[in-house]
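Written below as structure tokens is the structure these notes are about.
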Amino acid sequence: MRERQRTYRHEYKFLIDEKEEALLYYRLKNLIPLDAHAGEAGHYWIRSVYFDDYRDSCFRQNEDGINERAKYRIRIYDVSDRSIRLERKSKKNGMTCKESAPLTRGQCEMLLKGIPFPVDPQNPASCPEVLQQFLVLMRCKGMRAKTIVEYERVPFVYPEGNVRITFDRNMTSSLQTDCFFEQDNLRYPMLSRGQLLMEVKFDAYFPSFIKEKLEIGRLQQTSFSKYYLSRKYTVSCAGGRLR
């Protein structure tokens, strides 16, 4: 996919506490619907394994605040292999673009082991561009699984403007990338007790009636990267260094 074809979205992040979440949730629940994937529980669990090259370029570009950058991850929901997707999240001029490709469990397990599986030359459509580029990076730059980030997400959606407002709770990180599909692994908390992350995403239009409900006078936008923070926290907790 060429750069000119990518669609970038606005994305704003806010670190909030449980009282602020309760207030914002109360304001939103009768205003816009929850994502249908949240089901009766009203939330789901996200687990992502992030990849980086032998120079830790994604980590260092984030640390240096490089304007145009990208990172790769594999994401599953509720620790299930029913839906496995490779995602590339690009950032440019403060806006983000997410592209993805489906994976089988077998393909995912090969990538977790650092093995770039072959592409069928007779069926190029079976390997989307984002996956093709990732396989090239694995071969040429040593792209490997580095860390897992897991959290509980409460997602609100509104179709006009493609608005998503999410609350991410109980955020943890793990270096045990070989345990990606296992229920139990050694995890470290990434945020202080009672702290969580709110994300506000939309295309070109953000409805004013939603914006008004988010005005509580205390919100401060932050540059927050789950991958960057995970690498810093897990390395610190494990007493190691970037690997």
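Residue numbering restarts at 1 in every chain; chains get A, B, ... in the order shown in the structure tokens, and ligands count up from 1 in that same order.
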
Among range 37-159 of chain A, which ones does DSSP place in strand (DSSP E), written as JSON, numbers by chain? {"A": [44, 45, 46, 47, 48, 49, 50, 51, 52, 69, 70, 71, 72, 73, 74, 75, 76, 77, 80, 81, 82, 83, 84, 85, 86, 87, 88, 89, 90, 91, 92, 95, 96, 97, 98, 99, 100, 101, 102, 144, 145, 146, 147, 148, 149, 150, 151, 152, 153, 154, 155, 156, 157, 158]}

Please dump the current selection as a compact mmCIF listing (two decimals), in the first residue's frame; keep N, CA and C atoms.
```
# COMPACT_ATOMS: atom_id res chain seq x y z
N TYR A 44 -13.63 -6.05 26.71
CA TYR A 44 -12.90 -7.24 26.27
C TYR A 44 -11.43 -7.04 26.60
N TRP A 45 -10.67 -8.14 26.53
CA TRP A 45 -9.24 -8.08 26.81
C TRP A 45 -8.45 -8.07 25.52
N ILE A 46 -7.47 -7.21 25.45
CA ILE A 46 -6.58 -7.12 24.30
C ILE A 46 -5.19 -7.57 24.73
N ARG A 47 -4.59 -8.43 23.92
CA ARG A 47 -3.20 -8.82 24.14
C ARG A 47 -2.44 -8.62 22.83
N SER A 48 -1.35 -7.87 22.90
CA SER A 48 -0.53 -7.59 21.72
C SER A 48 0.92 -7.94 22.01
N VAL A 49 1.56 -8.56 21.03
CA VAL A 49 3.00 -8.78 21.12
C VAL A 49 3.65 -7.85 20.10
N TYR A 50 4.60 -7.04 20.57
CA TYR A 50 5.25 -6.04 19.72
C TYR A 50 6.60 -6.56 19.23
N PHE A 51 6.95 -6.15 18.02
CA PHE A 51 8.20 -6.56 17.38
C PHE A 51 9.10 -5.35 17.18
N ASP A 52 10.39 -5.61 17.18
CA ASP A 52 11.37 -4.56 16.88
C ASP A 52 12.58 -5.23 16.23
N ARG A 69 7.01 7.45 11.85
CA ARG A 69 7.51 6.16 12.31
C ARG A 69 6.39 5.12 12.26
N ALA A 70 6.78 3.86 12.43
CA ALA A 70 5.80 2.77 12.41
C ALA A 70 6.25 1.67 13.36
N LYS A 71 5.28 0.90 13.84
CA LYS A 71 5.60 -0.26 14.67
C LYS A 71 4.66 -1.40 14.29
N TYR A 72 5.14 -2.63 14.55
CA TYR A 72 4.39 -3.83 14.20
C TYR A 72 4.03 -4.60 15.46
N ARG A 73 2.84 -5.20 15.44
CA ARG A 73 2.39 -6.02 16.55
C ARG A 73 1.44 -7.09 16.04
N ILE A 74 1.29 -8.16 16.81
CA ILE A 74 0.26 -9.16 16.56
C ILE A 74 -0.72 -9.07 17.72
N ARG A 75 -2.01 -9.03 17.38
CA ARG A 75 -3.03 -8.78 18.41
C ARG A 75 -4.07 -9.90 18.42
N ILE A 76 -4.45 -10.29 19.65
CA ILE A 76 -5.56 -11.22 19.85
C ILE A 76 -6.49 -10.64 20.91
N TYR A 77 -7.67 -11.24 21.03
CA TYR A 77 -8.67 -10.76 21.98
C TYR A 77 -9.08 -11.88 22.92
N SER A 80 -7.58 -15.59 22.95
CA SER A 80 -8.16 -16.59 22.05
C SER A 80 -7.47 -16.49 20.69
N ASP A 81 -7.41 -17.62 19.99
CA ASP A 81 -6.82 -17.60 18.64
C ASP A 81 -7.88 -17.52 17.55
N ARG A 82 -9.11 -17.16 17.92
CA ARG A 82 -10.18 -17.04 16.93
C ARG A 82 -9.89 -15.92 15.93
N SER A 83 -9.29 -14.85 16.40
CA SER A 83 -8.94 -13.73 15.52
C SER A 83 -7.52 -13.30 15.85
N ILE A 84 -6.61 -13.51 14.89
CA ILE A 84 -5.21 -13.13 15.05
C ILE A 84 -4.86 -12.21 13.90
N ARG A 85 -4.33 -11.04 14.22
CA ARG A 85 -4.02 -10.08 13.17
C ARG A 85 -2.65 -9.46 13.40
N LEU A 86 -1.90 -9.38 12.31
CA LEU A 86 -0.69 -8.58 12.30
C LEU A 86 -1.09 -7.15 11.99
N GLU A 87 -0.61 -6.19 12.76
CA GLU A 87 -0.96 -4.79 12.56
C GLU A 87 0.29 -3.93 12.44
N ARG A 88 0.22 -2.99 11.53
CA ARG A 88 1.24 -1.95 11.43
C ARG A 88 0.58 -0.62 11.78
N LYS A 89 1.08 0.02 12.81
CA LYS A 89 0.55 1.31 13.21
C LYS A 89 1.57 2.38 12.87
N SER A 90 1.20 3.24 11.93
CA SER A 90 2.09 4.31 11.48
C SER A 90 1.67 5.63 12.09
N LYS A 91 2.65 6.49 12.32
CA LYS A 91 2.38 7.81 12.86
C LYS A 91 3.07 8.86 12.01
N LYS A 92 2.34 9.94 11.74
CA LYS A 92 2.88 11.02 10.91
C LYS A 92 2.17 12.31 11.27
N MET A 95 -0.73 12.17 13.63
CA MET A 95 -1.89 11.36 13.28
C MET A 95 -1.45 9.92 13.05
N THR A 96 -2.41 9.00 13.12
CA THR A 96 -2.07 7.58 13.06
C THR A 96 -2.85 6.86 11.96
N CYS A 97 -2.27 5.78 11.49
CA CYS A 97 -2.90 4.92 10.49
C CYS A 97 -2.64 3.47 10.88
N LYS A 98 -3.67 2.66 10.90
CA LYS A 98 -3.51 1.25 11.25
C LYS A 98 -3.90 0.38 10.06
N GLU A 99 -2.98 -0.52 9.68
CA GLU A 99 -3.23 -1.49 8.62
C GLU A 99 -3.02 -2.87 9.21
N SER A 100 -3.75 -3.87 8.69
CA SER A 100 -3.67 -5.19 9.31
C SER A 100 -3.81 -6.30 8.28
N ALA A 101 -3.41 -7.49 8.71
CA ALA A 101 -3.53 -8.69 7.88
C ALA A 101 -3.85 -9.86 8.81
N PRO A 102 -4.76 -10.76 8.40
CA PRO A 102 -5.09 -11.92 9.24
C PRO A 102 -3.97 -12.94 9.22
N ARG A 144 12.00 -9.11 15.57
CA ARG A 144 11.68 -10.20 16.48
C ARG A 144 10.69 -9.72 17.55
N ALA A 145 9.98 -10.69 18.14
CA ALA A 145 9.05 -10.37 19.23
C ALA A 145 9.83 -9.87 20.44
N LYS A 146 9.36 -8.77 21.05
CA LYS A 146 10.09 -8.14 22.16
C LYS A 146 9.31 -8.14 23.46
N THR A 147 8.02 -7.83 23.40
CA THR A 147 7.27 -7.66 24.64
C THR A 147 5.77 -7.84 24.38
N ILE A 148 5.05 -8.22 25.42
CA ILE A 148 3.59 -8.36 25.36
C ILE A 148 2.95 -7.27 26.21
N VAL A 149 1.91 -6.67 25.69
CA VAL A 149 1.10 -5.72 26.45
C VAL A 149 -0.34 -6.24 26.49
N GLU A 150 -0.93 -6.23 27.68
CA GLU A 150 -2.29 -6.74 27.85
C GLU A 150 -3.09 -5.77 28.70
N TYR A 151 -4.37 -5.59 28.36
CA TYR A 151 -5.23 -4.70 29.13
C TYR A 151 -6.70 -4.99 28.83
N GLU A 152 -7.54 -4.50 29.71
CA GLU A 152 -8.99 -4.60 29.58
C GLU A 152 -9.50 -3.31 28.95
N ARG A 153 -10.29 -3.44 27.88
CA ARG A 153 -10.74 -2.24 27.16
C ARG A 153 -12.26 -2.10 27.21
N VAL A 154 -12.70 -0.88 27.54
CA VAL A 154 -14.11 -0.50 27.46
C VAL A 154 -14.24 0.46 26.27
N PRO A 155 -14.90 0.04 25.17
CA PRO A 155 -14.91 0.84 23.95
C PRO A 155 -16.27 1.46 23.61
N PHE A 156 -16.32 2.75 23.45
CA PHE A 156 -17.49 3.45 22.94
C PHE A 156 -17.24 3.82 21.47
N VAL A 157 -18.30 3.76 20.65
CA VAL A 157 -18.15 4.07 19.23
C VAL A 157 -19.29 4.98 18.77
N TYR A 158 -18.99 5.77 17.75
CA TYR A 158 -20.02 6.61 17.13
C TYR A 158 -19.68 6.70 15.65
```

Selection near Asp203 in chain A, 10 Å with only C-alpha atoms, sequence-local residues under 2 positions removed, as a list in words: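 Result of the neighbour search: Thr7, Tyr8, Arg9, His10, Glu11, Met95, Thr96, Glu160, Gly161, Asn162, Val163, Arg164, Lys201, Tyr205 and Phe206 of chain A.
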
Which of range 37-159 of chain A fall in alpha helix (DSSP H), as a ChimeraX atom specification: /A:57-64,105-112,129-141

Using only C-alpha atoms, which of A:Gly94, A:Thr166, A:Cys127, A:Ile32 sits nearest Gln107 in chain A?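 For Gln107 in chain A, the nearest of the given residues is A:Cys127.
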
Would you pick out the contacts of Ile216 in chain A at 9 Å or less, using only C-alpha atoms, so that residues sharing its chain but fewer than 5 positions from it are not included, and give the list as a ChimeraX atom specification? /A:20,23-24

Nearest to Asn170 in chain A among A:Leu197, A:Glu212, A:Asp184, A:Glu68, with distances taken over only C-alpha atoms: which residue is it?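 The closest residue to Asn170 in chain A is A:Leu197.
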
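Considering the residues A:Ile210, A:Leu229, A:Leu135, A:Val200 and counting only C-alpha atoms, Ser173 in chain A has its shortest atom-to-atom contact with A:Leu229.
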
Name the closest residue to Val136 in chain A among the candidates A:Asp53, A:Asp78, A:Glu199, A:Asp168; distances are taken between atoms, counting only C-alpha atoms.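 Of the candidates, the smallest distance to Val136 in chain A is held by A:Asp53.
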
Atom-to-atom span, CA of Gln195 in chain A and CA of Leu15 in chain A, Å: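 Between CA of Gln195 in chain A and CA of Leu15 in chain A the gap is 6.9 Å.
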